[in-house]
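Next comes final_21.pdb, with PDB, C-alpha atoms, pLDDT in the B column.
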```
ATOM      1  CA  MET B   1      -6.718 -12.787 -25.817  1.00 59.00           C
ATOM      2  CA  SER B   2      -8.884 -10.252 -24.065  1.00 84.00           C
ATOM      3  CA  ASN B   3      -7.642  -8.636 -20.890  1.00 95.00           C
ATOM      4  CA  HIS B   4     -10.504  -8.877 -18.425  1.00 97.00           C
ATOM      5  CA  ILE B   5     -10.023  -8.100 -14.759  1.00 98.00           C
ATOM      6  CA  GLU B   6     -12.627  -9.142 -12.226  1.00 98.00           C
ATOM      7  CA  ILE B   7     -12.587  -7.876  -8.652  1.00 98.00           C
ATOM      8  CA  GLU B   8     -14.826  -9.899  -6.358  1.00 98.00           C
ATOM      9  CA  TYR B   9     -15.413  -8.263  -2.989  1.00 98.00           C
ATOM     10  CA  CYS B  10     -17.334  -9.065   0.190  1.00 97.00           C
ATOM     11  CA  THR B  11     -20.533  -7.047   0.442  1.00 96.00           C
ATOM     12  CA  GLY B  12     -20.925  -7.860   4.137  1.00 94.00           C
ATOM     13  CA  CYS B  13     -17.487  -6.373   4.846  1.00 95.00           C
ATOM     14  CA  ARG B  14     -18.404  -3.275   2.832  1.00 95.00           C
ATOM     15  CA  TRP B  15     -15.371  -3.472   0.566  1.00 97.00           C
ATOM     16  CA  LEU B  16     -17.079  -1.902  -2.461  1.00 97.00           C
ATOM     17  CA  MET B  17     -15.187   1.386  -2.039  1.00 98.00           C
ATOM     18  CA  ARG B  18     -11.817  -0.411  -1.902  1.00 98.00           C
ATOM     19  CA  ALA B  19     -12.722  -2.506  -4.965  1.00 98.00           C
ATOM     20  CA  SER B  20     -13.936   0.601  -6.829  1.00 98.00           C
ATOM     21  CA  TRP B  21     -10.791   2.545  -6.040  1.00 98.00           C
ATOM     22  CA  MET B  22      -8.570  -0.313  -7.228  1.00 98.00           C
ATOM     23  CA  ALA B  23     -10.685  -0.643 -10.375  1.00 98.00           C
ATOM     24  CA  GLN B  24     -10.310   3.074 -11.092  1.00 98.00           C
ATOM     25  CA  GLU B  25      -6.537   2.905 -10.578  1.00 97.00           C
ATOM     26  CA  LEU B  26      -6.210  -0.065 -12.934  1.00 97.00           C
ATOM     27  CA  LEU B  27      -8.474   1.458 -15.579  1.00 97.00           C
ATOM     28  CA  THR B  28      -6.520   4.708 -15.496  1.00 96.00           C
ATOM     29  CA  THR B  29      -3.117   3.019 -15.631  1.00 95.00           C
ATOM     30  CA  PHE B  30      -4.007   0.428 -18.279  1.00 95.00           C
ATOM     31  CA  GLU B  31      -6.651   2.250 -20.316  1.00 92.00           C
ATOM     32  CA  GLY B  32      -5.145   1.022 -23.589  1.00 91.00           C
ATOM     33  CA  GLU B  33      -4.524  -2.544 -22.470  1.00 95.00           C
ATOM     34  CA  LEU B  34      -7.676  -3.541 -20.561  1.00 96.00           C
ATOM     35  CA  ASP B  35     -10.746  -4.634 -22.484  1.00 96.00           C
ATOM     36  CA  GLN B  36     -13.008  -5.042 -19.476  1.00 97.00           C
ATOM     37  CA  LEU B  37     -13.055  -4.629 -15.711  1.00 98.00           C
ATOM     38  CA  THR B  38     -15.862  -6.088 -13.621  1.00 98.00           C
ATOM     39  CA  LEU B  39     -16.790  -5.530 -10.000  1.00 98.00           C
ATOM     40  CA  LYS B  40     -18.471  -8.642  -8.650  1.00 98.00           C
ATOM     41  CA  PRO B  41     -20.328  -8.518  -5.321  1.00 97.00           C
ATOM     42  CA  GLY B  42     -19.539 -11.601  -3.265  1.00 96.00           C
ATOM     43  CA  SER B  43     -21.441 -12.863  -0.282  1.00 84.00           C
ATOM     44  CA  THR B  44     -18.696 -15.148   0.983  1.00 77.00           C
ATOM     45  CA  GLY B  45     -17.336 -13.776   4.247  1.00 87.00           C
ATOM     46  CA  GLY B  46     -14.191 -11.785   3.685  1.00 94.00           C
ATOM     47  CA  ILE B  47     -13.691 -12.485  -0.008  1.00 97.00           C
ATOM     48  CA  PHE B  48     -11.483 -10.121  -1.974  1.00 98.00           C
ATOM     49  CA  GLU B  49     -10.234 -11.803  -5.134  1.00 97.00           C
ATOM     50  CA  ILE B  50      -8.715 -10.234  -8.213  1.00 98.00           C
ATOM     51  CA  ARG B  51      -8.670 -12.314 -11.392  1.00 98.00           C
ATOM     52  CA  LEU B  52      -7.189 -11.684 -14.813  1.00 97.00           C
ATOM     53  CA  ASP B  53      -8.875 -13.609 -17.613  1.00 96.00           C
ATOM     54  CA  GLY B  54     -10.347 -16.001 -15.039  1.00 96.00           C
ATOM     55  CA  LYS B  55      -7.029 -16.791 -13.352  1.00 97.00           C
ATOM     56  CA  SER B  56      -6.279 -15.673  -9.813  1.00 97.00           C
ATOM     57  CA  LEU B  57      -4.051 -12.621  -9.616  1.00 97.00           C
ATOM     58  CA  TRP B  58      -4.573 -11.842  -5.909  1.00 98.00           C
ATOM     59  CA  SER B  59      -6.467 -13.519  -3.094  1.00 98.00           C
ATOM     60  CA  ARG B  60      -6.866 -11.751   0.227  1.00 97.00           C
ATOM     61  CA  LYS B  61      -7.489 -15.091   1.889  1.00 96.00           C
ATOM     62  CA  GLN B  62      -4.332 -16.615   0.444  1.00 97.00           C
ATOM     63  CA  GLU B  63      -2.087 -13.586   0.995  1.00 97.00           C
ATOM     64  CA  GLY B  64      -3.567 -12.581   4.359  1.00 97.00           C
ATOM     65  CA  ARG B  65      -3.877  -8.950   3.282  1.00 98.00           C
ATOM     66  CA  PHE B  66      -5.002  -6.592   0.559  1.00 98.00           C
ATOM     67  CA  PRO B  67      -2.532  -5.753  -2.202  1.00 97.00           C
ATOM     68  CA  GLU B  68      -0.764  -2.437  -2.206  1.00 96.00           C
ATOM     69  CA  ILE B  69      -1.845  -0.583  -5.343  1.00 96.00           C
ATOM     70  CA  THR B  70       1.739  -0.463  -6.670  1.00 95.00           C
ATOM     71  CA  GLU B  71       2.181  -4.233  -6.370  1.00 96.00           C
ATOM     72  CA  LEU B  72      -1.213  -4.831  -7.988  1.00 97.00           C
ATOM     73  CA  LYS B  73      -0.267  -2.603 -10.920  1.00 96.00           C
ATOM     74  CA  GLN B  74       3.034  -4.460 -11.253  1.00 95.00           C
ATOM     75  CA  LEU B  75       1.257  -7.840 -11.269  1.00 96.00           C
ATOM     76  CA  VAL B  76      -1.153  -6.679 -13.966  1.00 96.00           C
ATOM     77  CA  ARG B  77       1.597  -5.020 -16.014  1.00 96.00           C
ATOM     78  CA  ASP B  78       3.841  -8.090 -15.878  1.00 95.00           C
ATOM     79  CA  ARG B  79       1.042 -10.206 -17.367  1.00 95.00           C
ATOM     80  CA  ILE B  80      -0.578  -7.944 -19.951  1.00 95.00           C
ATOM     81  CA  ALA B  81       1.981  -5.299 -20.936  1.00 91.00           C
ATOM     82  CA  PRO B  82       5.547  -6.028 -19.749  1.00 90.00           C
ATOM     83  CA  GLU B  83       6.868  -3.027 -21.681  1.00 90.00           C
ATOM     84  CA  HIS B  84       4.464  -0.612 -19.910  1.00 85.00           C
ATOM     85  CA  ASP B  85       6.368   1.902 -17.770  1.00 88.00           C
ATOM     86  CA  LEU B  86       4.669   2.468 -14.416  1.00 89.00           C
ATOM     87  CA  GLY B  87       6.820   5.459 -13.548  1.00 83.00           C
ATOM     88  CA  HIS B  88       7.261   5.864  -9.795  1.00 72.00           C
ATOM     89  CA  SER B  89       5.272   2.635  -9.172  1.00 67.00           C
ATOM     90  CA  ASP B  90       7.973   0.492 -10.769  1.00 72.00           C
ATOM     91  CA  LYS B  91      10.418  -1.533  -8.702  1.00 60.00           C
ATOM     92  CA  LYS B  92      13.939  -0.203  -8.759  1.00 51.00           C
TER      93      LYS B  92
END
```
As structure tokens, how would this structure be written, given the file I've shared?
Amino acid sequence: MSNHIEIEYCTGCRWLMRASWMAQELLTTFEGELDQLTLKPGSTGGIFEIRLDGKSLWSRKQEGRFPEITELKQLVRDRIAPEHDLGHSDKK
């Protein structure tokens, strides 16, 4: 199975920088585990969706907020590399 993350963001809301920053954080943390990360411009008002291999990992609409970067890293880790130590980002 390939590990492909897609971050779809609202262009009208100007969330490209947030999506790019999250992409950079994920690529840095999981450089050995991720095969692909895609930024997908979305025109739907307020969309900010993060998918792993086509399945929803985070939905701003559903959660009512953006993910904290530590919780996003934990969600990704738990699905693609449970043994991966996130250091200070791990839950205690």
### Task
Pull out every residue that the PyMOL selection byres ((chain B and resi 20) around 12) matches in the shown coordinates and put them as a VMD selection string.
chain B and resid 6 to 9 14 to 19 21 to 27 37 to 41
### Task
Please evaluate the PyMOL selection byres ((chain B and resi 32) around 12) against the structure above and give the resulting residues as an NGL selection string.
:B and (2-3 or 26-31 or 33-36 or 77 or 80-81 or 84)
## Note on the structure
Between CA of His4 (chain B) and CA of Thr70 (chain B) lies a distance of 18.9 Å
With the PyMOL selection byres ((chain B and resi 52) around 7) as the selection, what would be picked from this file? Answer as a CSV table (one decimal) with C-alpha atoms, in the frame of the given file, please.
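Full text of result.csv as output:
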```csv
chain,number,residue,atom,x,y,z
B,3,ASN,CA,-7.6,-8.6,-20.9
B,4,HIS,CA,-10.5,-8.9,-18.4
B,5,ILE,CA,-10.0,-8.1,-14.8
B,6,GLU,CA,-12.6,-9.1,-12.2
B,50,ILE,CA,-8.7,-10.2,-8.2
B,51,ARG,CA,-8.7,-12.3,-11.4
B,53,ASP,CA,-8.9,-13.6,-17.6
B,54,GLY,CA,-10.3,-16.0,-15.0
B,55,LYS,CA,-7.0,-16.8,-13.4
B,56,SER,CA,-6.3,-15.7,-9.8
B,57,LEU,CA,-4.1,-12.6,-9.6
```
### Query
B:Glu83, B:Thr11, B:Thr44, B:Leu75: which is nearest Lys61 (chain B), counting only C-alpha atoms?
B:Thr44
### Query
Distance CA of Gly64 (chain B)-CA of Glu49 (chain B), one decimal place?
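Computing the Euclidean distance for CA of Gly64 (chain B) and CA of Glu49 (chain B) yields 11.6 Å.
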### Query
Restricting the calculation to all atoms listed in the file, which member of B:Glu71, B:Gly45, B:Val76, B:Ser59 is positioned closest to Asp90 (chain B)?
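Among B:Glu71, B:Gly45, B:Val76, B:Ser59, it is B:Glu71 that comes nearest to Asp90 (chain B).
Note that the spacing between CA of Leu86 (chain B) and CA of Gln62 (chain B) amounts to 25.8 Å.
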Expected axis-aligned box over every listed atom of region 9-22 of chain B, 3 Å added per side, centre plus edges in Å to one decimal, as lines of an AutoDock Vina configuration file:
```
center_x = -14.7
center_y = -3.3
center_z = -1.2
size_x = 18.4
size_y = 17.6
size_z = 18.1
```
### Task
Kindly indicate which residue among B:Asp78, B:Lys73, B:Arg65, B:Asp85 lies nearest to Gly46 (chain B), using all atoms listed in the file for the distances.
B:Arg65
### Task
Check the smallest atom-to-atom distance from each of B:Cys10, B:Gln74, B:Arg60, B:Ile69 to Ser43 (chain B) using all atoms listed in the file, then report the winner.
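Result for the nearest residue to Ser43 (chain B): B:Cys10.
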